[in-house]
Amino acid sequence: MAPEGKPDAAACGKKRKRYLPHNKPVKKGSYPLQPGVQGLNNGTGEKSDPHEIDDGHAQAGDKANDDNKGDNNNLNTKTTDELPAVKQCCKTKVPTSDLSDKVEEKSIDKLIEAELTELRDKNKRRFVKLDSGCNGVVFVQMRKKNGDLGPKDIVHQIVTSAASTRKHMSRFILRILPIEVTCYASKEEISKAIKPLVEQHFPVETQNPHKFAVLYEARANTGIDRMEIINAVAKSVPGPHKVDLNNPDKTIVVEIAKTVCSIGVAEKYKEFSKYNLRQLTSRKA
């Protein structure tokens, strides 16, 4: 019952205020990690800034893609220089007046506005932080576009740059791992999800077989047998390739967080200090 002299809020047609901390709306968290995504698995400290982590991955991804496009442009330039007919065709002059009449150029303001609109749209972001459900682990989903590098290539570019320049990309990221497939954490689902990954990185018909190892880590999940998953992953790799735990060429990453399993392939894992960025940037030459 409302006190005398004060009408009830429901009778007046007004919504009753909810009791929230400091009278402020509760902010929704990031989307949880789920099967069917690919990206980068980051080991961080307990106190980490997700915005700085996202910015670091965005800058690293853009730099890697720009370097890749630059290499492709250099290849195209060499091929055009080798062909005299193409070279003469490129030298032919085209009237600029005809081009200006046919092509409608966008103004700089419109280009900036379109880019800002794309950045505001969460569905169009290239890197999105997902909640892994475990402290100290941040999963960054990567939406790959046509011509972009995959998670394995971007992570390899990051660790190679860190080892050569001794510069850390973020003060919060301790270790970064490429994740190309995610699935539910069970032996059957892991065996199904890893098949296309094995066909890509470990072909049956090859003259240069690889030595490989399996890296297994589980967080907030005690219902899965460790050796059962490791043996299932190792048996999925065909015969020419062999297991070598001391000096593997490629390492199959199996990271389990609660009910989701993340799988990827890392090259020269031990050579690059197990992809630990702090060790790569602080070790002595």
# chains A, B, ... in the order shown; residues from 1 in each chain; ligands from 1
>>> residues_around(residues="segment 247-251 of chain A", least_positions_apart="4", cutoff="7 Å", atoms="only C-alpha atoms", output="list in words")
His210, Lys211, Phe212, Ala213, Val214, Leu215, Val265, Ala266, Glu267, Lys268 and Tyr269 of chain A
>>> residues_around(residues="Lys195 of chain A", least_positions_apart="6", cutoff="10 Å", atoms="only C-alpha atoms", output="ChimeraX atom specification")
/A:233,236-237
>>> residues_around(residues="Phe272 of chain A", least_positions_apart="5", cutoff="10 Å", atoms="only C-alpha atoms", output="MDAnalysis selection string")
chainID A and resid 156 159:160 162:163 267 277 279:280
>>> select_by_dssp(residues="segment 200-283 of chain A", states="strand (DSSP E)", output="JSON, numbers by chain")
{"A": [211, 212, 213, 214, 215, 216, 217, 218, 219, 242, 243, 250, 251, 252, 253, 254, 255, 256, 257, 260, 261, 262, 263, 264, 265, 266, 267]}
>>> atom_distance(atom1="atom CA of Glu180 of chain A", atom2="atom CA of Gly150 of chain A")
8.0 Å
>>> atom_distance(atom1="atom CA of Gln157 of chain A", atom2="atom CA of Asn276 of chain A")
13.6 Å
